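File shown here: protein-v9.tsv, holding TSV, C-alpha atoms.
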chain	number	residue	atom	x	y	z
A	1	MET	CA	13.50	-19.23	-20.65
A	2	ILE	CA	11.69	-16.26	-22.04
A	3	ILE	CA	9.78	-13.52	-20.26
A	4	ARG	CA	6.79	-12.14	-22.10
A	5	GLY	CA	3.58	-10.29	-21.46
A	6	ALA	CA	0.85	-12.52	-20.03
A	7	ARG	CA	-2.17	-13.32	-22.17
A	8	ALA	CA	-5.65	-14.34	-21.12
A	9	GLU	CA	-4.86	-17.96	-21.98
A	10	ASP	CA	-2.01	-17.96	-19.44
A	11	ALA	CA	-4.52	-17.80	-16.60
A	12	ALA	CA	-4.35	-21.51	-15.78
A	13	GLY	CA	-0.55	-21.50	-15.78
A	14	ILE	CA	-0.47	-18.41	-13.60
A	15	ALA	CA	-3.06	-19.86	-11.21
A	16	ALA	CA	-0.96	-23.03	-10.86
A	17	ILE	CA	1.85	-20.85	-9.52
A	18	ILE	CA	0.10	-18.24	-7.44
A	19	MET	CA	-2.57	-20.36	-5.74
A	20	PRO	CA	-0.19	-22.57	-3.70
A	21	THR	CA	1.75	-19.49	-2.58
A	22	ILE	CA	-1.45	-17.67	-1.60
A	23	ARG	CA	-2.81	-20.75	0.21
A	24	GLU	CA	0.44	-21.10	2.16
A	25	GLY	CA	0.11	-17.49	3.38
A	26	ALA	CA	3.77	-17.16	4.29
A	27	THR	CA	4.99	-14.48	1.91
A	28	TYR	CA	2.10	-12.38	0.58
A	29	ALA	CA	-0.39	-10.27	2.51
A	30	LEU	CA	-3.37	-11.86	0.79
A	31	ASP	CA	-6.26	-13.87	2.17
A	32	VAL	CA	-5.23	-17.51	2.15
A	33	ASP	CA	-8.74	-18.59	1.21
A	34	MET	CA	-9.30	-16.16	-1.65
A	35	SER	CA	-10.88	-17.77	-4.68
A	36	GLU	CA	-8.83	-18.53	-7.77
A	37	ALA	CA	-10.97	-16.05	-9.70
A	38	ASP	CA	-10.23	-13.30	-7.17
A	39	ALA	CA	-6.54	-14.18	-7.14
A	40	LEU	CA	-6.32	-14.00	-10.93
A	41	ALA	CA	-8.31	-10.74	-10.93
A	42	TYR	CA	-5.75	-9.38	-8.48
A	43	TRP	CA	-2.66	-10.66	-10.30
A	44	MET	CA	-3.86	-9.84	-13.82
A	45	ALA	CA	-5.75	-6.63	-12.99
A	46	ALA	CA	-6.27	-4.16	-15.80
A	47	THR	CA	-4.26	-1.63	-13.80
A	48	LYS	CA	-1.26	-3.96	-13.82
A	49	GLU	CA	1.11	-5.22	-16.50
A	50	THR	CA	1.53	-8.93	-15.95
A	51	PHE	CA	4.36	-11.06	-17.32
A	52	VAL	CA	5.17	-14.74	-17.39
A	53	ALA	CA	8.48	-16.58	-17.45
A	54	GLU	CA	8.07	-19.50	-19.82
A	55	GLU	CA	10.30	-22.50	-20.28
A	56	ASP	CA	9.52	-25.16	-22.90
A	57	GLY	CA	6.01	-23.81	-23.18
A	58	VAL	CA	5.35	-24.02	-19.44
A	59	VAL	CA	4.79	-20.99	-17.21
A	60	VAL	CA	7.45	-21.26	-14.49
A	61	GLY	CA	7.14	-17.77	-13.03
A	62	THR	CA	5.01	-14.66	-13.18
A	63	TYR	CA	5.19	-11.08	-12.05
A	64	TYR	CA	3.17	-7.90	-12.22
A	65	ILE	CA	4.23	-4.28	-12.27
A	66	HIS	CA	2.06	-1.25	-11.60
A	67	PRO	CA	2.31	2.20	-10.03
A	68	ASN	CA	2.63	1.89	-6.27
A	69	GLY	CA	0.26	4.81	-5.82
A	70	ARG	CA	-1.88	7.12	-7.86
A	71	GLY	CA	-1.56	10.81	-8.56
A	72	GLY	CA	1.75	12.18	-7.31
A	73	ALA	CA	2.98	8.67	-6.45
A	74	ARG	CA	2.61	7.04	-9.84
A	75	HIS	CA	6.27	7.41	-10.80
A	76	VAL	CA	7.22	4.69	-8.30
A	77	ALA	CA	6.70	1.12	-9.48
A	78	ASN	CA	5.62	-1.81	-7.38
A	79	CYS	CA	5.94	-5.46	-8.36
A	80	GLY	CA	4.99	-8.89	-7.13
A	81	TYR	CA	6.84	-12.03	-8.24
A	82	MET	CA	6.10	-15.71	-7.85
A	83	THR	CA	8.00	-18.74	-9.11
A	84	SER	CA	6.77	-22.26	-9.55
A	85	ALA	CA	7.68	-24.37	-6.52
A	86	SER	CA	9.08	-26.98	-8.87
A	87	ALA	CA	11.41	-24.45	-10.49
A	88	THR	CA	12.94	-22.62	-7.53
A	89	GLY	CA	16.70	-22.17	-7.34
A	90	LYS	CA	17.06	-21.67	-11.09
A	91	GLY	CA	17.38	-17.92	-11.02
A	92	ILE	CA	13.89	-17.31	-12.35
A	93	ALA	CA	12.99	-14.71	-9.72
A	94	ARG	CA	16.25	-12.92	-10.41
A	95	ARG	CA	15.58	-12.88	-14.13
A	96	MET	CA	12.04	-11.61	-13.57
A	97	CYS	CA	13.22	-8.85	-11.23
A	98	GLU	CA	15.91	-7.76	-13.68
A	99	HIS	CA	13.27	-7.74	-16.40
A	100	SER	CA	10.94	-5.68	-14.24
A	101	LEU	CA	13.65	-3.14	-13.43
A	102	ALA	CA	14.46	-2.69	-17.11
A	103	HIS	CA	10.78	-2.50	-17.95
A	104	ALA	CA	10.16	0.04	-15.19
A	105	ARG	CA	12.92	2.27	-16.52
A	106	SER	CA	11.57	1.98	-20.04
A	107	ARG	CA	8.16	3.01	-18.78
A	108	GLY	CA	9.60	6.11	-17.14
A	109	TYR	CA	9.29	5.01	-13.54
A	110	ARG	CA	11.87	6.67	-11.29
A	111	ALA	CA	12.02	4.11	-8.50
A	112	MET	CA	10.71	0.73	-7.40
A	113	GLN	CA	9.25	-0.03	-3.99
A	114	PHE	CA	8.35	-3.31	-2.34
A	115	ASN	CA	5.95	-2.40	0.42
A	116	PHE	CA	5.93	-5.60	2.33
A	117	VAL	CA	8.67	-8.23	2.14
A	118	VAL	CA	8.14	-10.76	4.92
A	119	SER	CA	11.37	-10.79	6.92
A	120	THR	CA	11.42	-14.58	7.19
A	121	ASN	CA	11.65	-14.78	3.39
A	122	ASP	CA	15.47	-14.56	3.59
A	123	ARG	CA	16.00	-15.79	0.10
A	124	ALA	CA	13.91	-12.98	-1.37
A	125	VAL	CA	15.43	-10.34	0.91
A	126	ARG	CA	18.95	-11.30	-0.14
A	127	LEU	CA	17.97	-11.48	-3.79
A	128	TRP	CA	16.38	-8.02	-3.77
A	129	GLN	CA	19.42	-6.60	-1.97
A	130	SER	CA	21.73	-8.13	-4.58
A	131	LEU	CA	19.65	-6.40	-7.22
A	132	GLY	CA	20.06	-2.97	-5.67
A	133	PHE	CA	17.19	-2.70	-3.22
A	134	GLU	CA	17.73	-1.22	0.21
A	135	ILE	CA	15.75	-1.95	3.33
A	136	LEU	CA	14.24	1.43	4.18
A	137	ALA	CA	12.07	0.25	7.05
A	138	ARG	CA	11.48	-2.74	9.26
A	139	LEU	CA	7.80	-2.88	10.22
A	140	PRO	CA	7.73	-4.48	13.63
A	141	LEU	CA	5.63	-7.64	13.81
A	142	ALA	CA	3.56	-6.44	10.88
A	143	PHE	CA	2.99	-9.92	9.45
A	144	ARG	CA	1.43	-12.94	11.04
A	145	HIS	CA	3.25	-15.91	9.58
A	146	PRO	CA	1.30	-19.18	9.53
A	147	THR	CA	3.97	-21.05	11.50
A	148	ALA	CA	6.45	-18.45	12.83
A	149	GLY	CA	3.81	-16.17	14.37
A	150	TYR	CA	4.21	-12.38	14.28
A	151	VAL	CA	7.31	-11.41	12.33
A	152	ASP	CA	8.66	-8.18	10.87
A	153	ALA	CA	8.03	-7.02	7.33
A	154	LEU	CA	10.50	-4.98	5.31
A	155	LEU	CA	9.99	-2.04	3.03
A	156	MET	CA	12.56	-2.20	0.24
A	157	TYR	CA	13.28	0.59	-2.21
A	158	GLN	CA	15.45	1.35	-5.18
A	159	ALA	CA	15.74	4.77	-6.78
A	160	PHE	CA	16.78	4.69	-10.45
A	161	THR	CA	19.79	6.78	-11.32
B	1	MET	CA	-18.17	18.10	17.89
B	2	ILE	CA	-19.12	14.47	17.67
B	3	ILE	CA	-17.48	11.68	15.72
B	4	ARG	CA	-19.82	9.01	14.42
B	5	GLY	CA	-20.01	6.34	11.76
B	6	ALA	CA	-20.73	7.74	8.31
B	7	ARG	CA	-24.08	7.01	6.70
B	8	ALA	CA	-25.00	6.97	3.03
B	9	GLU	CA	-26.63	10.38	3.42
B	10	ASP	CA	-23.29	11.87	4.52
B	11	ALA	CA	-21.91	11.44	1.01
B	12	ALA	CA	-22.44	15.07	0.00
B	13	GLY	CA	-20.83	16.36	3.20
B	14	ILE	CA	-17.90	14.00	2.77
B	15	ALA	CA	-17.50	14.93	-0.90
B	16	ALA	CA	-17.39	18.62	0.04
B	17	ILE	CA	-14.34	17.84	2.17
B	18	ILE	CA	-12.44	15.27	0.16
B	19	MET	CA	-12.86	16.65	-3.36
B	20	PRO	CA	-10.90	19.92	-2.84
B	21	THR	CA	-8.09	17.97	-1.16
B	22	ILE	CA	-7.99	15.42	-3.97
B	23	ARG	CA	-8.10	18.14	-6.64
B	24	GLU	CA	-5.21	19.97	-4.98
B	25	GLY	CA	-3.10	16.78	-5.14
B	26	ALA	CA	-0.66	17.91	-2.46
B	27	THR	CA	-1.24	15.38	0.31
B	28	TYR	CA	-2.85	12.20	-1.03
B	29	ALA	CA	-1.57	9.79	-3.68
B	30	LEU	CA	-4.82	9.90	-5.63
B	31	ASP	CA	-5.57	11.04	-9.14
B	32	VAL	CA	-6.39	14.74	-9.01
B	33	ASP	CA	-9.04	14.33	-11.69
B	34	MET	CA	-10.85	11.33	-10.23
B	35	SER	CA	-14.62	11.64	-10.33
B	36	GLU	CA	-16.61	12.42	-7.22
B	37	ALA	CA	-18.28	9.03	-7.53
B	38	ASP	CA	-14.90	7.27	-7.63
B	39	ALA	CA	-13.62	9.35	-4.74
B	40	LEU	CA	-16.65	8.47	-2.61
B	41	ALA	CA	-16.37	4.80	-3.61
B	42	TYR	CA	-12.76	4.92	-2.43
B	43	TRP	CA	-13.41	6.79	0.82
B	44	MET	CA	-16.59	4.93	1.76
B	45	ALA	CA	-15.61	1.51	0.40
B	46	ALA	CA	-17.35	-1.52	1.89
B	47	THR	CA	-13.95	-2.75	3.08
B	48	LYS	CA	-13.49	0.42	5.15
B	49	GLU	CA	-15.16	1.83	8.22
B	50	THR	CA	-15.78	5.51	7.55
B	51	PHE	CA	-16.46	8.15	10.19
B	52	VAL	CA	-17.44	11.80	10.15
B	53	ALA	CA	-16.74	14.60	12.60
B	54	GLU	CA	-19.87	16.66	12.84
B	55	GLU	CA	-20.37	20.09	14.36
B	56	ASP	CA	-23.79	21.75	14.50
B	57	GLY	CA	-25.05	19.23	11.96
B	58	VAL	CA	-22.25	19.96	9.48
B	59	VAL	CA	-19.58	17.43	8.50
B	60	VAL	CA	-16.26	19.14	9.29
B	61	GLY	CA	-13.98	16.13	9.00
B	62	THR	CA	-13.95	12.51	7.91
B	63	TYR	CA	-11.71	9.52	8.22
B	64	TYR	CA	-11.61	5.88	7.26
B	65	ILE	CA	-9.97	2.91	8.90
B	66	HIS	CA	-9.29	-0.50	7.35
B	67	PRO	CA	-6.69	-3.25	7.44
B	68	ASN	CA	-3.49	-2.11	5.75
B	69	GLY	CA	-3.11	-5.50	4.14
B	70	ARG	CA	-4.94	-8.76	3.83
B	71	GLY	CA	-4.16	-12.19	5.19
B	72	GLY	CA	-1.24	-12.05	7.61
B	73	ALA	CA	-1.19	-8.24	7.51
B	74	ARG	CA	-4.73	-7.55	8.59
B	75	HIS	CA	-3.87	-6.82	12.22
B	76	VAL	CA	-2.30	-3.51	11.20
B	77	ALA	CA	-4.73	-0.65	10.65
B	78	ASN	CA	-4.43	2.09	8.09
B	79	CYS	CA	-6.38	5.36	8.11
B	80	GLY	CA	-6.93	8.43	6.00
B	81	TYR	CA	-8.14	11.72	7.50
B	82	MET	CA	-9.38	14.92	5.93
B	83	THR	CA	-10.66	18.09	7.55
B	84	SER	CA	-12.77	20.83	6.02
B	85	ALA	CA	-10.53	23.66	4.82
B	86	SER	CA	-12.82	26.08	6.67
B	87	ALA	CA	-12.32	24.21	9.94
B	88	THR	CA	-8.55	23.67	10.09
B	89	GLY	CA	-6.67	24.58	13.25
B	90	LYS	CA	-9.48	23.51	15.54
B	91	GLY	CA	-8.00	20.18	16.52
B	92	ILE	CA	-10.41	18.16	14.40
B	93	ALA	CA	-7.68	15.99	12.84
B	94	ARG	CA	-6.27	15.33	16.30
B	95	ARG	CA	-9.68	14.31	17.62
B	96	MET	CA	-10.26	12.03	14.63
B	97	CYS	CA	-6.85	10.39	14.98
B	98	GLU	CA	-7.39	9.82	18.71
B	99	HIS	CA	-10.78	8.34	17.86
B	100	SER	CA	-9.25	6.08	15.24
B	101	LEU	CA	-6.55	4.85	17.61
B	102	ALA	CA	-9.14	3.96	20.25
B	103	HIS	CA	-11.34	2.36	17.62
B	104	ALA	CA	-8.42	0.37	16.22
B	105	ARG	CA	-7.61	-0.99	19.65
B	106	SER	CA	-11.24	-1.90	20.25
B	107	ARG	CA	-11.27	-3.77	16.96
B	108	GLY	CA	-8.22	-5.78	17.96
B	109	TYR	CA	-5.70	-4.16	15.65
B	110	ARG	CA	-2.17	-4.33	17.01
B	111	ALA	CA	-0.63	-1.37	15.22
B	112	MET	CA	-1.43	1.50	12.88
B	113	GLN	CA	0.55	2.38	9.78
B	114	PHE	CA	0.45	5.43	7.53
B	115	ASN	CA	2.05	4.32	4.29
B	116	PHE	CA	2.55	7.63	2.66
B	117	VAL	CA	2.65	10.94	4.52
B	118	VAL	CA	3.89	13.63	2.17
B	119	SER	CA	6.93	15.18	3.87
B	120	THR	CA	5.88	18.74	3.02
B	121	ASN	CA	2.72	18.23	5.08
B	122	ASP	CA	4.59	19.38	8.22
B	123	ARG	CA	1.45	19.97	10.18
B	124	ALA	CA	0.31	16.39	9.74
B	125	VAL	CA	3.76	14.94	10.40
B	126	ARG	CA	4.04	16.83	13.70
B	127	LEU	CA	0.50	15.90	14.67
B	128	TRP	CA	1.04	12.20	14.03
B	129	GLN	CA	4.32	12.31	15.95
B	130	SER	CA	2.59	13.98	18.90
B	131	LEU	CA	0.08	11.13	18.85
B	132	GLY	CA	2.73	8.45	19.10
B	133	PHE	CA	3.65	7.69	15.49
B	134	GLU	CA	7.26	7.25	14.53
B	135	ILE	CA	8.80	7.86	11.13
B	136	LEU	CA	10.03	4.41	10.11
B	137	ALA	CA	11.11	5.32	6.60
B	138	ARG	CA	11.68	8.32	4.40
B	139	LEU	CA	10.89	7.37	0.81
B	140	PRO	CA	13.18	9.50	-1.30
B	141	LEU	CA	11.36	11.73	-3.80
B	142	ALA	CA	8.43	9.32	-3.81
B	143	PHE	CA	5.79	12.02	-4.26
B	144	ARG	CA	5.44	14.59	-7.00
B	145	HIS	CA	3.99	17.64	-5.32
B	146	PRO	CA	1.99	19.97	-7.58
B	147	THR	CA	4.12	22.99	-6.73
B	148	ALA	CA	7.18	21.73	-4.81
B	149	GLY	CA	8.15	19.03	-7.33
B	150	TYR	CA	9.52	15.68	-6.19
B	151	VAL	CA	9.53	15.45	-2.40
B	152	ASP	CA	9.98	12.66	0.12
B	153	ALA	CA	7.14	10.67	1.61
B	154	LEU	CA	7.20	9.24	5.11
B	155	LEU	CA	6.07	5.91	6.44
B	156	MET	CA	4.76	6.37	9.98
B	157	TYR	CA	3.96	3.56	12.39
B	158	GLN	CA	2.64	3.01	15.86
B	159	ALA	CA	2.58	-0.37	17.60
B	160	PHE	CA	-0.06	-0.67	20.31
B	161	THR	CA	1.20	-1.74	23.69
Output the structure of this file as structure tokens.
Amino acid sequence: MIIRGARAEDAAGIAAIIMPTIREGATYALDVDMSEADALAYWMAATKETFVAEEDGVVVGTYYIHPNGRGGARHVANCGYMTSASATGKGIARRMCEHSLAHARSRGYRAMQFNFVVSTNDRAVRLWQSLGFEILARLPLAFRHPTAGYVDALLMYQAFT
Amino acid sequence: MIIRGARAEDAAGIAAIIMPTIREGATYALDVDMSEADALAYWMAATKETFVAEEDGVVVGTYYIHPNGRGGARHVANCGYMTSASATGKGIARRMCEHSLAHARSRGYRAMQFNFVVSTNDRAVRLWQSLGFEILARLPLAFRHPTAGYVDALLMYQAFT
């Protein structure tokens, strides 16, 4: 598996990963009915650096990194990661997060913040913790899960040393 | 003083308030050199409801309210408030925040979240606390203040009961 910068021609491969996750509405605070064009515009925005994880020529994961805020907040990175449903459990998210942390450091970011990790996404929470992120806040009932109802969201943070 | 929905013709009055605050770069995570047009597009975005506090026909404060996230996060409101430098200390921010809390409830929001209150903005922190907001997280050195250097930012939250 390689991780490389996304190109315009990766759009279909990226859409094949992000659209099912967006439609499910269980992990990202995005409109479940957003169009594919809007979703790609969001994921591959000019203000973001977007990467793909590729295996045998197939996009199996994708992530973006960008400043979490502007002005005095631009030294903190924010990322979003998604893995192909057919390729979960292979460590792809871990590899992408490690890649993003190294990339963030190389870009001069001083920290990384995940604003909104849905608390029911145990697998992600444990993975981010194993990669050095701390839960700084639990936002009470801040996310309406499609099947679990109102659940907490977590703010996770990692300062680079 | 009255608080009312902003109209297109309030743009100049709003710009007169928000531009000095943006240029100072001490309280909002926005680019200090953003254009007035971009600042107004941000503050009066179609996805936001924008209000002005008006006294004797002059805009002395302004705030926006919008969902803090999309999809499963849209029941949590987020706001930004700014008061005219010449009108600070008159309780205008308090009145606007009270207005926004009542408005949020009337719109069916279930909570309000401030993602990024710069910790050196003591006056705002105390005001939000007095209005029922709790500090849920202290983001270490997440804001680069123009004179104080790297300082913490606070995430403040209020669930409606």
> Pick the closest to Met82 in chain B from B:Tyr150, B:Trp43, B:Phe133, B:Phe114: which is it, counting only C-alpha atoms?
Replying inline: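 Checking each of B:Tyr150, B:Trp43, B:Phe133, B:Phe114 against Met82 in chain B, counting only C-alpha atoms, the winner is B:Trp43.
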> What is the distance, in Å and to one decimal place, between CA of Leu101 in chain B and CA of Leu30 in chain A?
Replying inline: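 Pair CA of Leu101 in chain B / CA of Leu30 in chain A returns 23.9 Å.
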> Rounded to one decimal in Å, what is the spacing between CA of Arg107 in chain A and CA of Asn121 in chain A?
Replying inline: 28.6 Å
>> So that I can see what lies close to Asp10 in chain B, please list as a PyMOL selection string the residues with an atom at most 9 Å from it, counting all atoms listed in the file and leaving out residues fewer than 4 positions away in the same chain.
In response: chain B and resi 6+14-15+52+59
>> Within 8 Å of chain A, which residues belong to chain B? Use only C-alpha atoms and report them as an MDAnalysis selection string.
In response: chainID B and resid 25:26 28:32 69:76 111 136:140 142:146 157 159
>> List as a PyMOL selection string the residues having at least one atom at most 12 Å from position (-11.9, 9.3, 18.4) as given in the file, counting only C-alpha atoms.
In response: chain B and resi 1-5+51-53+61-65+81+91-106
>> So, with all atoms listed in the file as the atoms that count, which of A:Pro20, A:Ser84, A:Ala124, A:Ala148 lies closest to Glu54 in chain A?
In response: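 Result for the nearest residue to Glu54 in chain A: A:Ser84.
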> How far is it from CA of Thr161 in chain A to CA of Val117 in chain B, in Å with one decimal?
Replying inline: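 According to the coordinates, CA of Thr161 in chain A and CA of Val117 in chain B are separated by 23.7 Å.
Checking B:Ser35, B:Gln129, B:Ser86, B:His66 one by one against Thr47 in chain B, counting all atoms listed in the file, you find the shortest gap at B:His66.
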